[in-house]
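The file query21.csv contains CSV, C-alpha atoms:
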```
chain,number,residue,atom,x,y,z
A,18,MET,CA,-10.4,13.7,5.5
A,19,ASP,CA,-9.5,16.7,7.6
A,20,GLU,CA,-9.1,14.9,10.9
A,21,LEU,CA,-6.5,12.6,9.4
A,22,LYS,CA,-4.6,15.4,7.6
A,23,LEU,CA,-4.5,17.4,10.8
A,24,ARG,CA,-3.1,14.4,12.7
A,25,ILE,CA,-0.4,13.9,10.1
A,26,LEU,CA,0.6,17.5,10.4
A,27,THR,CA,0.6,17.3,14.2
A,28,ASP,CA,2.1,13.8,14.9
A,29,GLY,CA,3.6,12.7,11.6
A,30,LYS,CA,7.2,13.3,10.7
A,31,ASN,CA,8.9,13.8,7.3
A,32,LEU,CA,12.1,11.8,7.7
A,33,GLY,CA,13.3,12.8,4.3
A,34,GLY,CA,13.7,10.6,1.2
A,35,GLY,CA,9.9,10.4,0.9
A,36,ILE,CA,9.6,8.6,4.2
A,37,LEU,CA,6.6,9.6,6.3
A,38,LYS,CA,6.7,8.5,9.9
A,39,VAL,CA,3.1,7.9,11.1
A,40,ASP,CA,3.9,5.0,13.4
A,41,GLY,CA,2.3,6.8,16.4
A,42,PHE,CA,-1.2,6.5,15.0
A,43,ILE,CA,-1.2,4.3,11.8
A,44,ASN,CA,1.3,1.5,11.6
A,45,HIS,CA,2.9,0.6,14.9
A,46,GLN,CA,0.8,2.3,17.5
A,47,VAL,CA,-2.7,2.6,16.1
A,48,ASP,CA,-5.3,5.2,17.2
A,49,PRO,CA,-8.4,3.0,17.2
A,50,ARG,CA,-10.9,5.9,17.0
A,51,LEU,CA,-9.1,7.5,14.0
A,52,MET,CA,-8.6,4.1,12.3
A,53,ASP,CA,-12.3,3.3,12.8
A,54,ALA,CA,-13.1,6.7,11.3
A,55,CYS,CA,-10.8,6.0,8.3
A,56,GLY,CA,-12.6,2.6,7.8
A,57,ARG,CA,-16.0,4.2,8.0
A,58,GLU,CA,-14.9,6.8,5.4
A,59,LEU,CA,-13.4,4.3,3.0
A,60,ALA,CA,-16.5,2.1,3.4
A,61,GLY,CA,-18.7,5.0,2.5
A,62,ARG,CA,-16.7,5.9,-0.6
A,63,PHE,CA,-16.7,2.4,-2.0
A,64,ALA,CA,-20.2,1.1,-1.0
A,65,ARG,CA,-21.4,2.0,-4.5
A,66,VAL,CA,-19.1,-0.4,-6.2
A,67,ASN,CA,-20.6,-3.2,-4.2
A,68,PRO,CA,-17.5,-5.1,-3.0
A,69,SER,CA,-17.9,-8.6,-1.7
A,70,LYS,CA,-14.4,-8.8,-0.1
A,71,VAL,CA,-11.7,-6.6,1.2
A,72,LEU,CA,-8.1,-7.6,0.3
A,73,THR,CA,-4.9,-6.2,1.9
A,74,ALA,CA,-1.4,-7.2,2.6
A,75,GLU,CA,0.1,-7.8,6.0
A,76,ILE,CA,1.3,-6.0,8.1
A,77,SER,CA,0.2,-2.4,8.2
A,78,GLY,CA,-2.7,-2.9,5.8
A,79,ILE,CA,-4.5,-5.0,8.3
A,80,ALA,CA,-5.8,-2.2,10.5
A,81,PRO,CA,-7.4,0.0,7.9
A,82,ALA,CA,-8.7,-3.0,5.9
A,83,LEU,CA,-10.3,-4.5,9.0
A,84,THR,CA,-12.1,-1.3,10.0
A,85,THR,CA,-13.3,-0.8,6.3
A,86,ALA,CA,-14.5,-4.4,6.3
A,87,ILE,CA,-16.4,-3.9,9.6
A,88,HIS,CA,-18.2,-0.9,8.2
A,89,LEU,CA,-19.0,-2.7,4.9
A,90,GLY,CA,-20.0,-5.9,6.6
A,91,ILE,CA,-17.9,-8.1,4.3
A,92,PRO,CA,-14.9,-10.4,5.0
A,93,VAL,CA,-11.3,-9.2,4.8
A,94,VAL,CA,-8.4,-11.3,3.6
A,95,TYR,CA,-4.8,-10.3,4.3
A,96,ALA,CA,-2.2,-11.6,2.0
A,97,ARG,CA,0.6,-13.3,4.0
A,98,LYS,CA,4.3,-12.7,3.3
A,99,THR,CA,5.3,-16.2,4.5
A,100,LYS,CA,3.1,-19.3,4.0
A,101,PRO,CA,1.7,-20.5,7.3
A,102,ILE,CA,1.5,-24.2,8.0
A,103,THR,CA,-2.3,-24.0,8.0
A,104,MET,CA,-2.4,-23.1,4.3
A,105,PRO,CA,-2.8,-25.7,1.6
A,106,ASP,CA,0.1,-26.6,-0.7
A,107,GLN,CA,-1.6,-25.0,-3.7
A,108,ILE,CA,-1.7,-21.2,-3.3
A,109,PHE,CA,-1.7,-17.9,-5.1
A,110,LEU,CA,1.7,-16.3,-4.9
A,111,THR,CA,3.1,-13.2,-6.5
A,112,LEU,CA,6.3,-11.1,-5.9
A,113,ALA,CA,6.2,-7.4,-5.2
A,114,PRO,CA,9.2,-5.1,-4.9
A,115,SER,CA,9.1,-3.4,-1.5
A,116,HIS,CA,10.3,0.2,-1.7
A,117,THR,CA,10.6,0.6,2.1
A,118,LYS,CA,12.2,-2.8,2.6
A,119,GLY,CA,14.6,-2.6,-0.3
A,120,ARG,CA,13.8,-6.1,-1.5
A,121,THR,CA,11.1,-8.3,-3.1
A,122,VAL,CA,8.5,-9.8,-0.9
A,123,GLU,CA,6.1,-12.6,-1.5
A,124,LEU,CA,2.3,-12.0,-1.3
A,125,ILE,CA,0.4,-15.2,-0.7
A,126,VAL,CA,-3.3,-15.9,-0.6
A,127,SER,CA,-5.1,-19.2,-0.1
A,128,PRO,CA,-7.4,-20.1,-3.0
A,129,GLU,CA,-9.9,-21.1,-0.2
A,130,TYR,CA,-10.6,-17.4,0.4
A,131,LEU,CA,-10.3,-15.6,-2.9
A,132,GLY,CA,-12.3,-17.0,-5.8
A,133,HIS,CA,-14.1,-16.5,-9.1
A,134,GLY,CA,-16.8,-14.0,-9.0
A,135,GLU,CA,-15.6,-12.1,-5.9
A,136,ARG,CA,-15.7,-8.3,-6.2
A,137,VAL,CA,-12.5,-7.2,-4.5
A,138,LEU,CA,-11.8,-3.9,-2.8
A,139,ILE,CA,-8.1,-3.5,-2.1
A,140,ILE,CA,-7.2,-1.4,1.0
A,141,ASP,CA,-3.7,-0.5,2.2
A,142,ASP,CA,-2.2,2.1,4.6
A,143,PHE,CA,-0.1,3.7,1.9
A,144,LEU,CA,-0.5,4.2,-1.9
A,145,ALA,CA,3.1,5.1,-2.8
A,146,THR,CA,4.8,3.3,-5.8
A,147,GLY,CA,1.7,1.1,-6.1
A,148,GLN,CA,3.8,-2.1,-6.3
A,149,THR,CA,2.3,-3.8,-3.3
A,150,ILE,CA,-1.2,-3.0,-4.5
A,151,MET,CA,-0.4,-4.1,-8.0
A,152,GLY,CA,0.7,-7.4,-6.4
A,153,LEU,CA,-2.7,-7.7,-4.7
A,154,VAL,CA,-4.3,-7.0,-8.1
A,155,ARG,CA,-2.4,-9.9,-9.7
A,156,LEU,CA,-3.5,-12.2,-6.9
A,157,ALA,CA,-7.1,-11.2,-7.3
A,158,GLN,CA,-6.9,-11.7,-11.1
A,159,ALA,CA,-5.2,-15.1,-10.7
A,160,ALA,CA,-8.1,-16.1,-8.5
A,161,GLY,CA,-10.6,-15.0,-11.2
A,162,ALA,CA,-11.9,-12.2,-9.0
A,163,LYS,CA,-12.6,-8.7,-10.2
A,164,VAL,CA,-11.0,-5.7,-8.6
A,165,VAL,CA,-13.6,-3.0,-8.1
A,166,GLY,CA,-11.8,-0.4,-6.1
A,167,ILE,CA,-8.5,0.6,-4.5
A,168,GLY,CA,-8.3,2.7,-1.3
A,169,ALA,CA,-5.5,3.9,0.9
A,170,VAL,CA,-5.3,5.9,4.0
A,171,ILE,CA,-2.4,8.1,2.8
A,172,GLU,CA,-1.2,8.6,-0.8
A,173,LYS,CA,2.1,10.0,-1.8
A,174,VAL,CA,1.3,11.1,-5.4
A,175,PHE,CA,4.9,11.9,-6.2
A,176,GLU,CA,5.8,8.1,-6.1
A,177,GLY,CA,3.5,7.4,-9.1
A,178,GLY,CA,1.3,4.7,-7.8
A,179,ARG,CA,-2.0,6.2,-9.0
A,180,GLN,CA,-0.5,6.4,-12.5
A,181,LEU,CA,0.6,2.7,-12.4
A,182,LEU,CA,-2.9,1.6,-11.3
A,183,SER,CA,-4.8,3.9,-13.7
A,184,SER,CA,-4.9,1.2,-16.4
A,185,LEU,CA,-7.2,-0.9,-14.2
A,186,ALA,CA,-9.9,1.8,-14.6
A,187,VAL,CA,-11.3,1.4,-11.1
A,188,PRO,CA,-12.0,4.1,-8.6
A,189,ILE,CA,-8.9,4.9,-6.5
A,190,GLU,CA,-9.5,6.8,-3.2
A,191,ALA,CA,-7.0,8.1,-0.6
A,192,LEU,CA,-8.0,9.9,2.6
A,193,ALA,CA,-5.0,12.1,2.7
A,194,THR,CA,-3.1,12.9,-0.5
A,195,ILE,CA,0.4,14.3,-0.2
A,196,THR,CA,1.8,16.1,-3.2
A,197,ASP,CA,5.1,17.3,-1.8
A,198,MET,CA,7.6,16.1,0.8
A,199,SER,CA,10.7,17.9,-0.4
A,200,GLU,CA,12.8,20.0,2.0
A,201,GLY,CA,10.9,18.7,5.1
A,202,ARG,CA,7.5,19.8,3.8
A,203,ILE,CA,4.2,17.8,4.1
A,204,VAL,CA,1.9,19.4,1.5
A,205,PHE,CA,-1.6,18.0,0.9
A,206,ALA,CA,-3.5,18.2,-2.4
A,207,ASP,CA,-6.1,21.1,-2.4
B,77,MET,CA,-18.2,-17.1,23.9
B,78,ASP,CA,-20.7,-19.5,22.3
B,79,GLU,CA,-20.7,-17.8,18.9
B,80,LEU,CA,-17.0,-18.2,18.5
B,81,LYS,CA,-17.0,-21.9,19.7
B,82,LEU,CA,-19.7,-22.7,17.3
B,83,ARG,CA,-17.7,-21.1,14.5
B,84,ILE,CA,-14.6,-23.1,15.4
B,85,LEU,CA,-16.6,-26.3,15.3
B,86,THR,CA,-18.2,-25.4,12.0
B,87,ASP,CA,-15.3,-23.8,10.1
B,88,GLY,CA,-12.2,-24.7,12.1
B,89,LYS,CA,-10.1,-27.7,11.2
B,90,ASN,CA,-7.9,-29.9,13.5
B,91,LEU,CA,-4.9,-30.5,11.3
B,92,GLY,CA,-3.2,-32.7,13.9
B,93,GLY,CA,-0.1,-32.0,16.0
B,94,GLY,CA,-2.1,-29.4,18.0
B,95,ILE,CA,-2.5,-27.2,14.9
B,96,LEU,CA,-6.0,-25.6,14.6
B,97,LYS,CA,-6.8,-24.1,11.2
B,98,VAL,CA,-9.0,-21.0,11.7
B,99,ASP,CA,-7.7,-19.0,8.8
B,100,GLY,CA,-11.2,-18.7,7.3
B,101,PHE,CA,-12.4,-16.3,10.0
B,102,ILE,CA,-9.5,-15.4,12.4
B,103,ASN,CA,-6.0,-15.2,10.8
B,104,HIS,CA,-6.0,-15.0,7.0
B,105,GLN,CA,-9.5,-14.2,6.1
B,106,VAL,CA,-11.2,-12.4,9.0
B,107,ASP,CA,-14.9,-12.3,9.7
B,108,PRO,CA,-15.2,-8.6,10.7
B,109,ARG,CA,-18.5,-9.1,12.6
B,110,LEU,CA,-17.1,-12.0,14.7
B,111,MET,CA,-13.8,-10.2,15.3
B,112,ASP,CA,-15.6,-7.1,16.4
B,113,ALA,CA,-17.7,-9.2,18.8
B,114,CYS,CA,-14.5,-10.8,20.2
B,115,GLY,CA,-13.0,-7.3,20.7
B,116,ARG,CA,-16.2,-6.2,22.5
B,117,GLU,CA,-16.2,-9.2,24.7
B,118,LEU,CA,-12.5,-8.9,25.6
B,119,ALA,CA,-12.9,-5.2,26.3
B,120,GLY,CA,-15.8,-6.0,28.6
B,121,ARG,CA,-13.8,-8.5,30.5
B,122,PHE,CA,-10.8,-6.3,31.0
B,123,ALA,CA,-12.4,-2.9,31.6
B,124,ARG,CA,-12.2,-3.4,35.4
B,125,VAL,CA,-8.3,-3.5,35.3
B,126,ASN,CA,-8.3,-0.1,33.7
B,127,PRO,CA,-5.8,-0.6,30.9
B,128,SER,CA,-4.2,2.4,29.2
B,129,LYS,CA,-2.8,0.5,26.2
B,130,VAL,CA,-3.3,-2.7,24.3
B,131,LEU,CA,-0.1,-4.5,23.2
B,132,THR,CA,0.0,-7.3,20.7
B,133,ALA,CA,2.4,-8.9,18.2
B,134,GLU,CA,2.2,-8.8,14.4
B,135,ILE,CA,0.7,-10.4,12.4
B,136,SER,CA,-2.4,-12.3,13.6
B,137,GLY,CA,-2.7,-10.5,16.9
B,138,ILE,CA,-3.5,-7.2,15.1
B,139,ALA,CA,-7.2,-7.9,14.3
B,140,PRO,CA,-8.3,-8.9,17.8
B,141,ALA,CA,-6.1,-6.3,19.5
B,142,LEU,CA,-7.5,-3.6,17.3
B,143,THR,CA,-11.2,-4.4,17.9
B,144,THR,CA,-10.5,-4.7,21.7
B,145,ALA,CA,-8.8,-1.3,21.6
B,146,ILE,CA,-11.7,0.2,19.6
B,147,HIS,CA,-14.1,-1.0,22.3
B,148,LEU,CA,-11.9,0.2,25.2
B,149,GLY,CA,-11.1,3.5,23.5
B,150,ILE,CA,-7.3,3.2,24.1
B,151,PRO,CA,-4.4,3.0,21.7
B,152,VAL,CA,-3.0,-0.4,20.5
B,153,VAL,CA,0.7,-1.1,19.8
B,154,TYR,CA,1.7,-4.0,17.7
B,155,ALA,CA,5.2,-5.3,18.2
B,156,ARG,CA,7.1,-5.6,14.9
B,157,LYS,CA,9.1,-8.6,13.9
B,158,THR,CA,11.5,-6.6,11.8
B,159,LYS,CA,12.6,-3.0,12.5
B,160,PRO,CA,11.0,-0.5,10.1
B,161,ILE,CA,13.1,2.4,8.9
B,162,THR,CA,10.7,4.8,10.7
B,163,MET,CA,11.7,3.5,14.1
B,164,PRO,CA,14.5,5.1,16.2
B,165,ASP,CA,17.8,3.3,16.6
B,166,GLN,CA,17.2,2.7,20.3
B,167,ILE,CA,14.4,0.2,20.7
B,168,PHE,CA,13.0,-2.5,23.0
B,169,LEU,CA,13.7,-5.9,21.5
B,170,THR,CA,13.2,-9.4,22.8
B,171,LEU,CA,13.4,-12.9,21.3
B,172,ALA,CA,10.6,-15.3,21.5
B,173,PRO,CA,10.6,-18.9,20.2
B,174,SER,CA,7.8,-19.4,17.7
B,175,HIS,CA,6.2,-22.8,18.0
B,176,THR,CA,4.4,-22.6,14.6
B,177,LYS,CA,7.4,-21.1,12.8
B,178,GLY,CA,9.9,-23.5,14.3
B,179,ARG,CA,12.4,-20.7,15.0
B,180,THR,CA,13.0,-17.7,17.2
B,181,VAL,CA,11.5,-14.4,16.2
B,182,GLU,CA,12.3,-10.8,17.3
B,183,LEU,CA,9.6,-8.7,18.9
B,184,ILE,CA,10.4,-5.0,18.7
B,185,VAL,CA,8.6,-2.0,20.2
B,186,SER,CA,9.6,1.7,19.9
B,187,PRO,CA,10.2,3.4,23.3
B,188,GLU,CA,8.1,6.2,21.9
B,189,TYR,CA,4.9,4.2,22.3
B,190,LEU,CA,5.4,2.1,25.4
B,191,GLY,CA,6.5,3.8,28.6
B,192,HIS,CA,6.7,4.0,32.3
B,193,GLY,CA,3.3,4.1,34.0
B,194,GLU,CA,1.4,2.5,31.2
B,195,ARG,CA,-1.2,-0.2,32.2
B,196,VAL,CA,-0.8,-2.8,29.4
B,197,LEU,CA,-3.4,-5.3,28.3
B,198,ILE,CA,-1.8,-8.0,26.1
B,199,ILE,CA,-4.1,-9.4,23.4
B,200,ASP,CA,-3.3,-12.2,20.9
B,201,ASP,CA,-5.2,-14.5,18.7
B,202,PHE,CA,-3.9,-17.6,20.4
B,203,LEU,CA,-2.7,-18.5,23.9
B,204,ALA,CA,-0.7,-21.7,23.2
B,205,THR,CA,2.8,-22.1,24.7
B,206,GLY,CA,2.6,-18.6,25.9
B,207,GLN,CA,6.1,-17.8,24.5
B,208,THR,CA,5.0,-14.9,22.3
B,209,ILE,CA,2.9,-13.4,25.1
B,210,MET,CA,5.8,-13.8,27.5
B,211,GLY,CA,8.0,-11.9,25.0
B,212,LEU,CA,5.4,-9.1,25.1
B,213,VAL,CA,5.5,-9.1,28.9
B,214,ARG,CA,9.3,-8.7,28.8
B,215,LEU,CA,8.9,-5.7,26.4
B,216,ALA,CA,6.3,-4.1,28.7
B,217,GLN,CA,8.5,-4.6,31.7
B,218,ALA,CA,11.6,-3.3,29.9
B,219,ALA,CA,9.6,-0.1,29.2
B,220,GLY,CA,8.7,0.3,32.8
B,221,ALA,CA,5.0,-0.5,32.1
B,222,LYS,CA,2.7,-2.7,34.1
B,223,VAL,CA,1.0,-5.7,32.6
B,224,VAL,CA,-2.6,-5.7,33.9
B,225,GLY,CA,-4.2,-8.5,31.9
B,226,ILE,CA,-3.7,-11.1,29.1
B,227,GLY,CA,-6.5,-12.0,26.7
B,228,ALA,CA,-6.6,-14.4,23.8
B,229,VAL,CA,-9.3,-15.3,21.3
B,230,ILE,CA,-8.5,-19.1,21.5
B,231,GLU,CA,-6.6,-20.9,24.2
B,232,LYS,CA,-5.1,-24.4,23.8
B,233,VAL,CA,-4.6,-25.3,27.4
B,234,PHE,CA,-2.7,-28.5,26.7
B,235,GLU,CA,0.3,-26.3,25.5
B,236,GLY,CA,0.8,-24.9,28.9
B,237,GLY,CA,0.8,-21.2,28.3
B,238,ARG,CA,-1.5,-20.3,31.1
B,239,GLN,CA,0.7,-22.1,33.6
B,240,LEU,CA,3.8,-20.2,32.2
B,241,LEU,CA,2.0,-16.9,32.6
B,242,SER,CA,0.5,-17.6,36.0
B,243,SER,CA,3.5,-16.2,37.9
B,244,LEU,CA,2.5,-12.8,36.6
B,245,ALA,CA,-0.6,-12.9,38.8
B,246,VAL,CA,-2.8,-11.0,36.3
B,247,PRO,CA,-6.2,-12.0,34.9
B,248,ILE,CA,-6.0,-14.2,31.9
B,249,GLU,CA,-9.0,-14.6,29.7
B,250,ALA,CA,-9.7,-16.7,26.6
B,251,LEU,CA,-12.9,-16.6,24.6
B,252,ALA,CA,-12.7,-20.2,23.5
B,253,THR,CA,-10.7,-22.7,25.6
B,254,ILE,CA,-9.7,-25.9,24.0
B,255,THR,CA,-8.7,-28.8,26.3
B,256,ASP,CA,-8.2,-31.6,23.8
B,257,MET,CA,-7.2,-31.8,20.2
B,258,SER,CA,-6.1,-35.5,20.2
B,259,GLU,CA,-7.4,-37.9,17.5
B,260,GLY,CA,-9.0,-35.1,15.5
B,261,ARG,CA,-11.1,-33.8,18.3
B,262,ILE,CA,-11.8,-30.2,19.2
B,263,VAL,CA,-13.0,-30.2,22.9
B,264,PHE,CA,-13.9,-27.1,24.7
B,265,ALA,CA,-13.7,-26.5,28.5
B,266,ASP,CA,-17.0,-26.8,30.3
```
Could you spell out this file's structure in structure tokens?
Amino acid sequence: MDELKLRILTDGKNLGGGILKVDGFINHQVDPRLMDACGRELAGRFARVNPSKVLTAEISGIAPALTTAIHLGIPVVYARKTKPITMPDQIFLTLAPSHTKGRTVELIVSPEYLGHGERVLIIDDFLATGQTIMGLVRLAQAAGAKVVGIGAVIEKVFEGGRQLLSSLAVPIEALATITDMSEGRIVFAD
Amino acid sequence: MDELKLRILTDGKNLGGGILKVDGFINHQVDPRLMDACGRELAGRFARVNPSKVLTAEISGIAPALTTAIHLGIPVVYARKTKPITMPDQIFLTLAPSHTKGRTVELIVSPEYLGHGERVLIIDDFLATGQTIMGLVRLAQAAGAKVVGIGAVIEKVFEGGRQLLSSLAVPIEALATITDMSEGRIVFAD
């Protein structure tokens, strides 16, 4: 998605260590027009797998997952990292190591909103190590739902997430795929 | 907003103690069509105050703030509760007591995205005690920005938030105003 790549080159910053700062338009301040365009593009790419629900993880997955869900016209569930008081006692919970947080986080979904027979499209802002997304896959599987696709706004291929997720044999799409961030570079695939 | 009120009566649950469970369509699972309609309605009500930026707090403020920002065509910033590694060392931080969490949370905004001269519209899912929103007001003021309006999807008037915020002398709008949740009731204003 050329508009996104251009924005990353213009306003993104390579902070070193594989850390890409895009908090001016993706995950602290959000450019709503760009995020809506990302959601439209992801919705278009996954319409053929006929998802019934979008699943993401709070916090920064919410914006792209919501705009994707708006364009698909299906509900979106965001996994919580702490259990709110409004959630029942019996929940789906998995642990996922967080690369950027340097610790393990809980991902929690209420069984009320993820169930048997759902066709789940997982959307997140980043596909990096794939650990958060794999946690969401486990939640969907625990609920008896079927993962039918995985989409990310930005993929850092050198962190190996796509390889980790390849055993699922579902389409994986990223709107901007970065192949190299060494020595201050931001290099996109093709 | 009749559609929202009807949905609260149909799918919301009064859990007692002033706790309204709306996690089937607002703050865990999100109904994208309804959330988009809420954003459109909030955008319409606040267009006249000419906001330049929407400000909210993670987590459950993100969805209504994003759809409002999409319809206003202005950026949205969500205050973080933990400082990400992509944020500079110098930040705006305030503490806000969280009613539902039973503890104080940090609200953090990068000075890169909230500055002098901004006209800030604060949006959240709930206006209850008003403490989170007051925290966002302090962040805006610390940045030299002007708060021009406050909008919420659902207001629980009996928790006093509107009164707390009234000294700001800015328009406060809620799409569904609940006046009474005693004895299992959900009673709307007018």
Contact check, chain A to chain B, at most 6 Å, counting all atoms listed in the file, closest pairs as CSV:
```
residue,atom,partner,partner_atom,distance
A:Lys38,CA,B:Thr162,CA,5.5
A:His45,CA,B:Tyr154,CA,5.5
A:Gln46,CA,B:Val153,CA,4.1
A:Val47,CA,B:Val152,CA,5.3
A:Asp48,CA,B:Pro151,CA,5.1
A:Pro49,CA,B:Ile146,CA,4.9
A:Ile87,CA,B:Pro108,CA,5.0
A:Pro92,CA,B:Asp107,CA,5.1
A:Val93,CA,B:Val106,CA,5.3
A:Val94,CA,B:Gln105,CA,4.0
A:Tyr95,CA,B:His104,CA,5.6
A:Thr103,CA,B:Lys97,CA,5.5
```
State, in Å with one decimal place, the distance from atom CA of Ile226 of chain B to atom CA of Val263 of chain B. 22.1 Å
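When all atoms listed in the file are used to measure the gap to Ala252 of chain B, the shortest distance among B:Ile209, B:Leu197, B:Ile167, B:Met77 belongs to B:Met77.
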Excluding Gly220 of chain B and residues on its chain fewer than 6 positions from it, collect all residues at most 10 Å away from it, counting all atoms listed in the file, and give them as a VMD selection string. chain B and resid 190 to 195 214
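Take atom CA of Gly260 of chain B and atom CA of Lys98 of chain A: the distance between them is 28.8 Å.
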Using only C-alpha atoms, find the one residue out of A:Ile189, A:Val164, A:Ile203, A:Ala145 that sits nearest to Gly177 of chain A.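 Of A:Ile189, A:Val164, A:Ile203, A:Ala145, the one nearest Gly177 of chain A, counting only C-alpha atoms, is A:Ala145.
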Here is a test: counting all atoms listed in the file, which residue of B:Leu251, B:Leu203, B:Val196, B:Leu171 is nearest to Asp78 of chain B?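 Among the listed residues, the smallest separation from Asp78 of chain B belongs to B:Leu251.
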With 8 Å on each side, where is the centre of the axis-aligned box around all listed atoms of segment 216-225 of chain B, and how long are its edges in Å to one decimal, as lines of an AutoDock Vina configuration file?
```
center_x = 3.7
center_y = -4.1
center_z = 31.4
size_x = 31.8
size_y = 24.8
size_z = 21.4
```
What is the distance, in Å and to one decimal place, between atom CA of Glu20 of chain A and atom CA of Arg65 of chain A?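 Answer for the atom CA of Glu20 of chain A to atom CA of Arg65 of chain A separation: 23.6 Å.
Distances here use all atoms listed in the file; by that measure, the residue among A:Met151, A:Leu110, A:Ile139, A:Val170 closest to Ser69 of chain A is A:Ile139.
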So which one's closest to Glu259 of chain B, B:His175, B:Gly92, B:Gln166, B:Val213? Using all atoms listed in the file, please.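 Of B:His175, B:Gly92, B:Gln166, B:Val213, the one nearest Glu259 of chain B is B:Gly92, counting all atoms listed in the file.
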Quick one: of B:Val125, B:Gly225, B:Gly137, B:Glu117, who's nearest to Pro247 of chain B, counting only C-alpha atoms? B:Gly225
Using all atoms listed in the file, determine which residues lie at most 12 Å from Glu249 of chain B, disregarding the query and same-chain residues fewer than 6 positions distant; provide the list as a list in words.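 Everything that qualifies: Met77, Cys114, Glu117, Leu118, Ala119, Gly120, Arg121, Phe122, Leu197, Ile198, Ile199, Asp200, Asp201, Phe202, Leu203, Val224, Gly225, Ile226, Gly227, Ala228, Val229, Ile230, Glu231, Val233, Gly237, Arg238, Leu241 and Ser242 of chain B.
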Would you mind completing segment 53-58 of chain A to all heavy atoms and writing the output as a PDB file, keeping the file's coordinate frame?
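Resulting contents of selection.pdb:
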```pdb
ATOM      1  N   ASP A  53     -10.868   3.643  13.018  1.00  0.00           N
ATOM      2  CA  ASP A  53     -12.300   3.300  12.800  1.00  0.00           C
ATOM      3  C   ASP A  53     -12.923   4.353  11.889  1.00  0.00           C
ATOM      4  O   ASP A  53     -13.687   4.010  10.977  1.00  0.00           O
ATOM      5  CB  ASP A  53     -12.998   3.223  14.142  1.00  0.00           C
ATOM      6  CG  ASP A  53     -14.403   2.677  13.992  1.00  0.00           C
ATOM      7  OD1 ASP A  53     -14.560   1.584  13.410  1.00  0.00           O
ATOM      8  OD2 ASP A  53     -15.355   3.342  14.432  1.00  0.00           O
ATOM      9  N   ALA A  54     -12.597   5.612  12.110  1.00  0.00           N
ATOM     10  CA  ALA A  54     -13.100   6.700  11.300  1.00  0.00           C
ATOM     11  C   ALA A  54     -12.642   6.553   9.831  1.00  0.00           C
ATOM     12  O   ALA A  54     -13.401   6.778   8.874  1.00  0.00           O
ATOM     13  CB  ALA A  54     -12.761   8.055  11.845  1.00  0.00           C
ATOM     14  N   CYS A  55     -11.377   6.178   9.654  1.00  0.00           N
ATOM     15  CA  CYS A  55     -10.800   6.000   8.300  1.00  0.00           C
ATOM     16  C   CYS A  55     -11.590   4.812   7.617  1.00  0.00           C
ATOM     17  O   CYS A  55     -11.933   4.897   6.436  1.00  0.00           O
ATOM     18  CB  CYS A  55      -9.338   5.627   8.370  1.00  0.00           C
ATOM     19  SG  CYS A  55      -8.286   7.020   8.826  1.00  0.00           S
ATOM     20  N   GLY A  56     -11.835   3.736   8.368  1.00  0.00           N
ATOM     21  CA  GLY A  56     -12.600   2.600   7.800  1.00  0.00           C
ATOM     22  C   GLY A  56     -13.988   2.979   7.414  1.00  0.00           C
ATOM     23  O   GLY A  56     -14.487   2.578   6.362  1.00  0.00           O
ATOM     24  N   ARG A  57     -14.625   3.801   8.256  1.00  0.00           N
ATOM     25  CA  ARG A  57     -16.000   4.200   8.000  1.00  0.00           C
ATOM     26  C   ARG A  57     -16.002   5.080   6.681  1.00  0.00           C
ATOM     27  O   ARG A  57     -16.858   4.913   5.811  1.00  0.00           O
ATOM     28  CB  ARG A  57     -16.561   5.031   9.132  1.00  0.00           C
ATOM     29  CG  ARG A  57     -18.048   5.400   8.939  1.00  0.00           C
ATOM     30  CD  ARG A  57     -18.603   6.238  10.085  1.00  0.00           C
ATOM     31  NE  ARG A  57     -18.509   5.546  11.358  1.00  0.00           N
ATOM     32  CZ  ARG A  57     -17.724   5.904  12.369  1.00  0.00           C
ATOM     33  NH1 ARG A  57     -16.934   6.967  12.256  1.00  0.00           N
ATOM     34  NH2 ARG A  57     -17.708   5.218  13.490  1.00  0.00           N
ATOM     35  N   GLU A  58     -15.019   5.968   6.571  1.00  0.00           N
ATOM     36  CA  GLU A  58     -14.900   6.800   5.400  1.00  0.00           C
ATOM     37  C   GLU A  58     -14.672   6.042   4.120  1.00  0.00           C
ATOM     38  O   GLU A  58     -15.335   6.246   3.100  1.00  0.00           O
ATOM     39  CB  GLU A  58     -13.843   7.887   5.620  1.00  0.00           C
ATOM     40  CG  GLU A  58     -13.588   8.820   4.466  1.00  0.00           C
ATOM     41  CD  GLU A  58     -14.721   9.819   4.206  1.00  0.00           C
ATOM     42  OE1 GLU A  58     -15.493  10.086   5.150  1.00  0.00           O
ATOM     43  OE2 GLU A  58     -14.834  10.295   3.063  1.00  0.00           O
TER      44      GLU A  58
END
```
